[in-house]
Each structure stands twice: as structure tokens, then as C-alpha cells.
Amino acid sequence: AVPVALVAGLSRAAHFGVLVKGARPLEAMGRIRTLVLDKTGTLTDGRPQIVTILSHGDLPQDDILRLAASLDQASKHPVAQAVVAAAKARGLPLTLPTNAAEFPGEGVSGTIDGRPVVVGGHAFVAGKIGHPARDPENIRPGSVLVAMAVDGQMAGHLVMADPLREDAAQMLVRLREEGVARILLATGDRMDVARHITAGLGLDEVCAGLSPDEKVQLVRTERDKAPVMMVGDGVNDAPALAAADVGVAMGARGAAASAEAADVVLLIDRVDRLATGIEIARRSRRIAL
Ligand code: ADP
Ligand code: MG
């Protein structure tokens with residue numbers, strides 16, 4: 001039988017917007033020592049806004065955004081959704097891509113209006129077109145950078161801002177108080193962006209440029225040392241969530257792509273509730289044992 005303290009804990013956690021899918025994950029959550037956080041959509045707001053559009057050829061800025069957004073309709077990535085939203089907000093007419101192939105956490109390739117287009121992270125797009133991965137210059141540090149190539153040429157970049165969540169620092173302080181000894185960032189984004197955005201947060205480690213598989217590997221390595229909770233939002237985070245002792249999906253904005261793979265779904269758009277959840281789990285566990 002499930003101890004009544006755990007049942008009470010589940011209901012209390014749900015009251016704070018932390019949906020725990022059963023007594024076993026709640027119990028596991030009370031034992032967490034290491035936390036692995038995804039960046040985009042977890043530590044940051046996750047709805048990047050366009051700051052600048054850089055054109056490297058003769059394509060007007062609106063065309064760069066229109067082609068990038070048309071192709072990004074094929075992706076559920078939070079950055080892709082932000083690109084699509086930005087194009088729609090500007091009233092740009094989008095075309096549905098053909099032959100779209102998504103590379104999770106990296107980008108998409110496909111055909112728009114009969115032309116080959118690639119959209120995604122700079123290194124990914126550069127690699128696809130065999131372009132030297134030299135960075136565009138004068139980018140504001142910490143910017144989320146989306147590259148777009150058309151007809152095999154690097155056509156432009158969307159420079160986007162994705163600020164830290166307001167309660168991110170508070171969450172980390174509270175997690176330390178709850179005895180979480182090791183807190184890591186695991187992102188597919190670039191190291192310079194990851195470092196800039198997390199400066200001053202006191203993370204134990206920042207791991208950047210990770211593929212979805214490498215996120216899984218990181219979780220496994222950490223699990224050999226101590227119980228791990230992994231928090232993420234995107235489809236590409238699902239394997240890492242499943243590999244952790246406790247996987248948490250950010251689920252406040254409708255059906256999170258990773259919700260099914262998760263043991264816990266955060267139904268409120270506040271990361272500090274993760275600390276509340278752990279606090280409740282630890283207390284329920286103490287009472288139940
Ligand atoms: P995180 O692990 O922090 O959530 P991701 O690995 O999901 O970050 O994404 C890292 C970067 O890859 C993004 O900042 C963006 O530049 C790029 N990216 C990935 N997928 C796409 C896509 N479909 N469209 C545009 N950019 C993408
Ligand atoms: Mg993410």
C-alpha cells in the first residue's frame with residue numbers, strides 16, 4: 001500500500017502546480033542530490049524574441065525570416081516556434097515545406113518554393129552546406145543565433161534574445177537549501193551563450209553543444225554518482241528525461257513535447273516550484289519512512 005504521507009504529498013505538490021505521476025517518483029524526488037537543467041525553455045523564458053536579422057547576401061530581411069519560418073513549421077523546437085510566431089506577427093506569408101527533415105535539437109532541412117533551405121544552429125547549418133563555420137561578427141553576447149541557408153549559401157542569421165526566467169536565481173538558492181548538492185546546465189546551444197546567460201548563478205558545471213544523445217550520456221554519468229533529476233521542455237529532451245531517476249517536463253504552455261517521457265510535469269510557468277516540489281517530496285518521504 002502507498003503510505004498516506006506520500007498520497008498527501010502528491011496532492012500538496014499538485015496544489016502548487018507540480019504534477020507527480022505517482023508515489024514512486026515522489027519518493028525518488030525526495031532523494032535527489034543532482035539536478036541537470038536544460039537551458040532553452042527551462043532556465044530561460046524559452047520564447048526568444050528577434051533582436052536583429054542579418055543578411056549576408058542580397059536577400060531582404062523579411063525573406064530571410066519568411067524562409068526560416070516556413071521551414072521551421074516542421075519543427076516543435078521552442079526556438080522554431082518562436083521563429084514561426086515572429087514571422088506571423090509581421091504578417092509574412094509562410095509556405096509549407098516539402099521533404100522537411102528535422103534533426104532534433106539542431107535544425108531542419110527541406111524545400112521551400114522549390115529552393116533547398118536549411119535552418120537551425122549556426123554550426124549545424126554551416127555543416128549542411130559545407131560552409132566554414134566561421135561565426136557571424138558583432139553578435140550581442142548571450143544571443144540565441146538561428147542560421148538560415150538557401151541554395152547552398154549562408155543567407156542570414158536571426159539574432160534572438162531569450163532572457164533567464166525571473167525566478168531562476170531564486171530557484172537555485174532554494175534547491176541548495178533543500179540539499180541539492182550539484183546543479184548542472186545541459187544545453188544544445190553554444191558554450192559562449194550558455195556561459196553568458198548563467199554567469200553569477202553559481203552552477204557547478206555548464207555543458208554546452210550537446211546532442212540529445214550526449215544529454216542522455218551526461219545524465220547516466222551523473223547517475224553513477226548520485227540520484228539525478230533532469231528538467232527539460234523540448235522533444236529533444238525526452239530521452240534525457242527518461243534516463244534520469246526523475247524526469248521533469250516544463251508543461252505550463254500546453255502539452256509539452258516531453259510530458260509523456262516525464263515522471264513529473266510542471267503545470268505552472270514558474271521554475272521555483274521545482275524547489276517547492278522537492279521540499280514537499282523530502283518531507284513526505286521523512287514522514288512515510
Ligand atoms: P537547449 O538544449 O538549451 O534547449 P537546444 O539544443 O534545444 O537548446 O537548441 C540549441 C540551439 O539550436 C538553439 O538556440 C537554436 O540556435 C538551434 N536550433 C535547434 N533546433 C532549431 C530549429 N528547429 N530551428 C531553429 N533553430 C534551432
Ligand atoms: Mg530546451
# chains A, B, ... in the order shown; residues from 1 in each chain; ligands from 1
>>> residues_near_ligand(ligand="ligand 2", cutoff="9 Å", atoms="only C-alpha atoms and all ligand atoms", output="PyMOL selection string")
chain A and resi 37-44+46+77-79+105+187-188+232-237
>>> residues_around(residues="Met171 (chain A)", least_positions_apart="3", cutoff="10 Å", atoms="only C-alpha atoms", output="list in words")
Leu43, Arg165, Glu166, Asp167, Ala168, Arg174, Leu175, Arg176, Glu177, Arg270, Val271, Asp272, Arg273, Leu274, Ala275 and Thr276 of chain A
>>> closest_residue(among="A:Arg115, A:His196, A:His122, A:Arg90", to="ligand 1", atoms="only C-alpha atoms and all ligand atoms")
A:His122
>>> closest_residue(among="A:Pro97, A:Pro48, A:Gly114, A:Gly127", to="ligand 1", atoms="only C-alpha atoms and all ligand atoms")
A:Pro48
>>> closest_atom_pairs(of="region 14-118 of chain A", to="region 133-143 of chain A", cutoff="10 Å", atoms="only C-alpha atoms", output="Markdown table")
| residue | atom | partner | partner_atom | distance |
| --- | --- | --- | --- | --- |
| A:Pro48 | CA | A:Ser143 | CA | 9.2 |
| A:Gln49 | CA | A:Ser143 | CA | 10.0 |
| A:Ile50 | CA | A:Ser143 | CA | 9.6 |
| A:Val51 | CA | A:Ser143 | CA | 8.8 |
| A:Thr52 | CA | A:Ile139 | CA | 9.3 |
| A:Leu54 | CA | A:Pro136 | CA | 8.9 |
| A:His56 | CA | A:Pro136 | CA | 9.4 |
>>> closest_residue(among="A:Leu94, A:Ala80, A:Leu6, A:Ala101", to="Lys21 (chain A)", atoms="only C-alpha atoms")
A:Leu6
>>> select_by_dssp(residues="region 52-128 of chain A", states="strand (DSSP E or B)", output="list of chain:residue names")
A:Thr52, A:Ile53, A:Leu54, A:Ser55, A:Thr98, A:Asn99, A:Ala100, A:Ala101, A:Glu102, A:Phe103, A:Gly107, A:Val108, A:Ser109, A:Gly110, A:Thr111, A:Ile112, A:Arg115, A:Pro116, A:Val117, A:Val118, A:Val119, A:Gly120
>>> select_by_dssp(residues="region 80-246 of chain A", states="alpha helix (DSSP H)", output="number ranges by chain")
A: 80-89, 122-129, 168-177, 191-198, 212-223, 238-243
>>> closest_residue(among="A:Ala74, A:Met148, A:Ala1, A:Val18", to="Val264 (chain A)", atoms="only C-alpha atoms")
A:Val18
>>> atom_distance(atom1="atom 24 (N, counted along the ligand's line) of ligand 1", atom2="CA of Gly152 (chain A)")
17.1 Å
>>> closest_residue(among="A:Arg253, A:Ile32, A:Asp213, A:Leu289", to="Leu267 (chain A)", atoms="only C-alpha atoms")
A:Arg253
>>> residues_around(residues="Phe124 (chain A)", least_positions_apart="6", cutoff="12 Å", atoms="only C-alpha atoms", output="PDB file with N, CA and C atoms, in the first residue's frame")
ATOM      1  N   GLU A 102      13.752  16.859 -39.922  1.00  0.00           N
ATOM      2  CA  GLU A 102      14.165  17.532 -38.693  1.00  0.00           C
ATOM      3  C   GLU A 102      15.316  16.781 -38.035  1.00  0.00           C
ATOM      4  N   PHE A 103      16.314  17.531 -37.579  1.00  0.00           N
ATOM      5  CA  PHE A 103      17.424  16.977 -36.821  1.00  0.00           C
ATOM      6  C   PHE A 103      17.241  17.502 -35.404  1.00  0.00           C
ATOM      7  N   PRO A 104      16.739  16.660 -34.483  1.00  0.00           N
ATOM      8  CA  PRO A 104      16.304  17.142 -33.169  1.00  0.00           C
ATOM      9  C   PRO A 104      17.377  17.936 -32.431  1.00  0.00           C
ATOM     10  N   GLY A 105      17.025  19.131 -31.991  1.00  0.00           N
ATOM     11  CA  GLY A 105      17.958  19.981 -31.252  1.00  0.00           C
ATOM     12  C   GLY A 105      18.962  20.693 -32.141  1.00  0.00           C
ATOM     13  N   GLU A 106      18.908  20.441 -33.453  1.00  0.00           N
ATOM     14  CA  GLU A 106      19.887  21.062 -34.355  1.00  0.00           C
ATOM     15  C   GLU A 106      19.245  21.972 -35.394  1.00  0.00           C
ATOM     16  N   GLY A 107      18.176  21.475 -36.030  1.00  0.00           N
ATOM     17  CA  GLY A 107      17.522  22.288 -37.051  1.00  0.00           C
ATOM     18  C   GLY A 107      16.760  21.438 -38.041  1.00  0.00           C
ATOM     19  N   VAL A 108      16.435  22.049 -39.185  1.00  0.00           N
ATOM     20  CA  VAL A 108      15.613  21.384 -40.194  1.00  0.00           C
ATOM     21  C   VAL A 108      16.199  21.675 -41.574  1.00  0.00           C
ATOM     22  N   SER A 109      16.109  20.691 -42.473  1.00  0.00           N
ATOM     23  CA  SER A 109      16.407  20.952 -43.880  1.00  0.00           C
ATOM     24  C   SER A 109      15.176  20.588 -44.696  1.00  0.00           C
ATOM     25  N   VAL A 118      17.995  25.407 -45.312  1.00  0.00           N
ATOM     26  CA  VAL A 118      18.388  24.795 -44.046  1.00  0.00           C
ATOM     27  C   VAL A 118      18.252  25.855 -42.959  1.00  0.00           C
ATOM     28  N   GLY A 130      28.398  22.818 -46.108  1.00  0.00           N
ATOM     29  CA  GLY A 130      29.837  22.768 -46.301  1.00  0.00           C
ATOM     30  C   GLY A 130      30.472  24.146 -46.297  1.00  0.00           C
ATOM     31  N   HIS A 131      29.926  25.013 -45.441  1.00  0.00           N
ATOM     32  CA  HIS A 131      30.413  26.391 -45.309  1.00  0.00           C
ATOM     33  C   HIS A 131      31.336  26.406 -44.096  1.00  0.00           C
ATOM     34  N   PRO A 132      32.479  27.127 -44.147  1.00  0.00           N
ATOM     35  CA  PRO A 132      33.327  27.176 -42.947  1.00  0.00           C
ATOM     36  C   PRO A 132      32.514  27.770 -41.796  1.00  0.00           C
ATOM     37  N   ALA A 133      32.561  27.128 -40.608  1.00  0.00           N
ATOM     38  CA  ALA A 133      31.686  27.539 -39.504  1.00  0.00           C
ATOM     39  C   ALA A 133      32.167  28.796 -38.798  1.00  0.00           C
ATOM     40  N   LEU A 145      21.212  32.280 -31.609  1.00  0.00           N
ATOM     41  CA  LEU A 145      21.508  32.559 -33.002  1.00  0.00           C
ATOM     42  C   LEU A 145      20.899  31.478 -33.885  1.00  0.00           C
ATOM     43  N   VAL A 146      20.077  31.878 -34.847  1.00  0.00           N
ATOM     44  CA  VAL A 146      19.496  30.924 -35.791  1.00  0.00           C
ATOM     45  C   VAL A 146      20.034  31.254 -37.182  1.00  0.00           C
ATOM     46  N   ALA A 147      20.639  30.271 -37.823  1.00  0.00           N
ATOM     47  CA  ALA A 147      21.208  30.473 -39.155  1.00  0.00           C
ATOM     48  C   ALA A 147      20.226  29.950 -40.201  1.00  0.00           C
ATOM     49  N   MET A 148      20.259  30.567 -41.389  1.00  0.00           N
ATOM     50  CA  MET A 148      19.406  30.103 -42.493  1.00  0.00           C
ATOM     51  C   MET A 148      20.222  30.123 -43.779  1.00  0.00           C
ATOM     52  N   ALA A 149      20.231  28.991 -44.468  1.00  0.00           N
ATOM     53  CA  ALA A 149      20.918  28.895 -45.756  1.00  0.00           C
ATOM     54  C   ALA A 149      19.898  28.576 -46.827  1.00  0.00           C
ATOM     55  N   MET A 154      25.016  30.505 -47.099  1.00  0.00           N
ATOM     56  CA  MET A 154      24.594  31.084 -45.829  1.00  0.00           C
ATOM     57  C   MET A 154      23.936  32.427 -46.129  1.00  0.00           C
ATOM     58  N   GLY A 188      22.040  22.239 -25.765  1.00  0.00           N
ATOM     59  CA  GLY A 188      22.477  22.020 -27.125  1.00  0.00           C
ATOM     60  C   GLY A 188      23.034  23.305 -27.719  1.00  0.00           C
ATOM     61  N   ASP A 189      22.815  24.398 -27.014  1.00  0.00           N
ATOM     62  CA  ASP A 189      23.274  25.692 -27.512  1.00  0.00           C
ATOM     63  C   ASP A 189      24.780  25.840 -27.275  1.00  0.00           C
ATOM     64  N   ARG A 190      25.317  26.951 -27.780  1.00  0.00           N
ATOM     65  CA  ARG A 190      26.763  27.161 -27.751  1.00  0.00           C
ATOM     66  C   ARG A 190      27.279  27.506 -26.353  1.00  0.00           C
ATOM     67  N   GLY A 209      26.711  22.569 -26.277  1.00  0.00           N
ATOM     68  CA  GLY A 209      26.904  21.916 -27.565  1.00  0.00           C
ATOM     69  C   GLY A 209      26.534  20.436 -27.541  1.00  0.00           C
ATOM     70  N   SER A 211      24.319  17.051 -28.064  1.00  0.00           N
ATOM     71  CA  SER A 211      23.236  16.454 -28.847  1.00  0.00           C
ATOM     72  C   SER A 211      22.279  15.802 -27.851  1.00  0.00           C
TER      73      SER A 211
END
>>> residues_around(residues="Asp62 (chain A)", least_positions_apart="2", cutoff="10 Å", atoms="only C-alpha atoms", output="PyMOL selection string")
chain A and resi 53+55+59-60+64-68+87+90-92
>>> write_last_selection(atoms="N, CA and C atoms", output="JSON list (two decimals), in the first residue's frame")
[["chain", "number", "residue", "atom", "x", "y", "z"],
["A", 53, "ILE", "N", 17.98, 40.95, -37.70],
["A", 53, "ILE", "CA", 18.12, 39.96, -38.78],
["A", 53, "ILE", "C", 19.31, 40.40, -39.62],
["A", 55, "SER", "N", 21.58, 39.94, -42.96],
["A", 55, "SER", "CA", 21.57, 39.39, -44.31],
["A", 55, "SER", "C", 22.99, 39.38, -44.85],
["A", 59, "LEU", "N", 19.41, 38.95, -50.08],
["A", 59, "LEU", "CA", 18.05, 38.63, -49.63],
["A", 59, "LEU", "C", 17.60, 39.65, -48.57],
["A", 60, "PRO", "N", 16.42, 40.28, -48.79],
["A", 60, "PRO", "CA", 15.91, 41.21, -47.77],
["A", 60, "PRO", "C", 15.62, 40.48, -46.45],
["A", 64, "ILE", "N", 14.47, 36.46, -45.37],
["A", 64, "ILE", "CA", 15.26, 35.56, -44.52],
["A", 64, "ILE", "C", 14.35, 34.98, -43.44],
["A", 65, "LEU", "N", 13.57, 35.87, -42.82],
["A", 65, "LEU", "CA", 12.64, 35.40, -41.77],
["A", 65, "LEU", "C", 11.56, 34.50, -42.37],
["A", 66, "ARG", "N", 11.04, 34.87, -43.54],
["A", 66, "ARG", "CA", 9.96, 34.09, -44.15],
["A", 66, "ARG", "C", 10.42, 32.66, -44.50],
["A", 67, "LEU", "N", 11.62, 32.54, -45.07],
["A", 67, "LEU", "CA", 12.13, 31.20, -45.43],
["A", 67, "LEU", "C", 12.44, 30.38, -44.17],
["A", 68, "ALA", "N", 13.08, 31.04, -43.19],
["A", 68, "ALA", "CA", 13.41, 30.32, -41.94],
["A", 68, "ALA", "C", 12.13, 29.82, -41.27],
["A", 87, "ALA", "N", 7.44, 35.55, -37.55],
["A", 87, "ALA", "CA", 7.08, 35.78, -38.95],
["A", 87, "ALA", "C", 5.59, 36.07, -39.08],
["A", 90, "ARG", "N", 4.66, 39.52, -38.08],
["A", 90, "ARG", "CA", 4.98, 40.53, -39.10],
["A", 90, "ARG", "C", 4.12, 40.36, -40.34],
["A", 91, "GLY", "N", 3.19, 39.42, -40.29],
["A", 91, "GLY", "CA", 2.28, 39.22, -41.42],
["A", 91, "GLY", "C", 2.93, 38.62, -42.65],
["A", 92, "LEU", "N", 4.04, 37.90, -42.46],
["A", 92, "LEU", "CA", 4.72, 37.30, -43.62],
["A", 92, "LEU", "C", 3.99, 36.03, -44.06]]
>>> atom_distance(atom1="CA of Asp72 (chain A)", atom2="CA of Thr95 (chain A)")
10.5 Å
>>> residues_around(residues="Val231 (chain A)", least_positions_apart="4", cutoff="8 Å", atoms="only C-alpha atoms", output="JSON, numbers by chain")
{"A": [35, 36, 37, 38, 42, 241, 247, 248, 249, 250]}
>>> residues_around(residues="Arg286 (chain A)", least_positions_apart="5", cutoff="9 Å", atoms="only C-alpha atoms", output="PyMOL selection string")
chain A and resi 5+30+281
>>> atom_distance(atom1="atom 23 (N, counted along the ligand's line) of ligand 1", atom2="CA of Ala123 (chain A)")
13.1 Å
>>> closest_residue(among="A:Ala126, A:Val83, A:Leu71, A:Ala155", to="Thr111 (chain A)", atoms="only C-alpha atoms")
A:Leu71
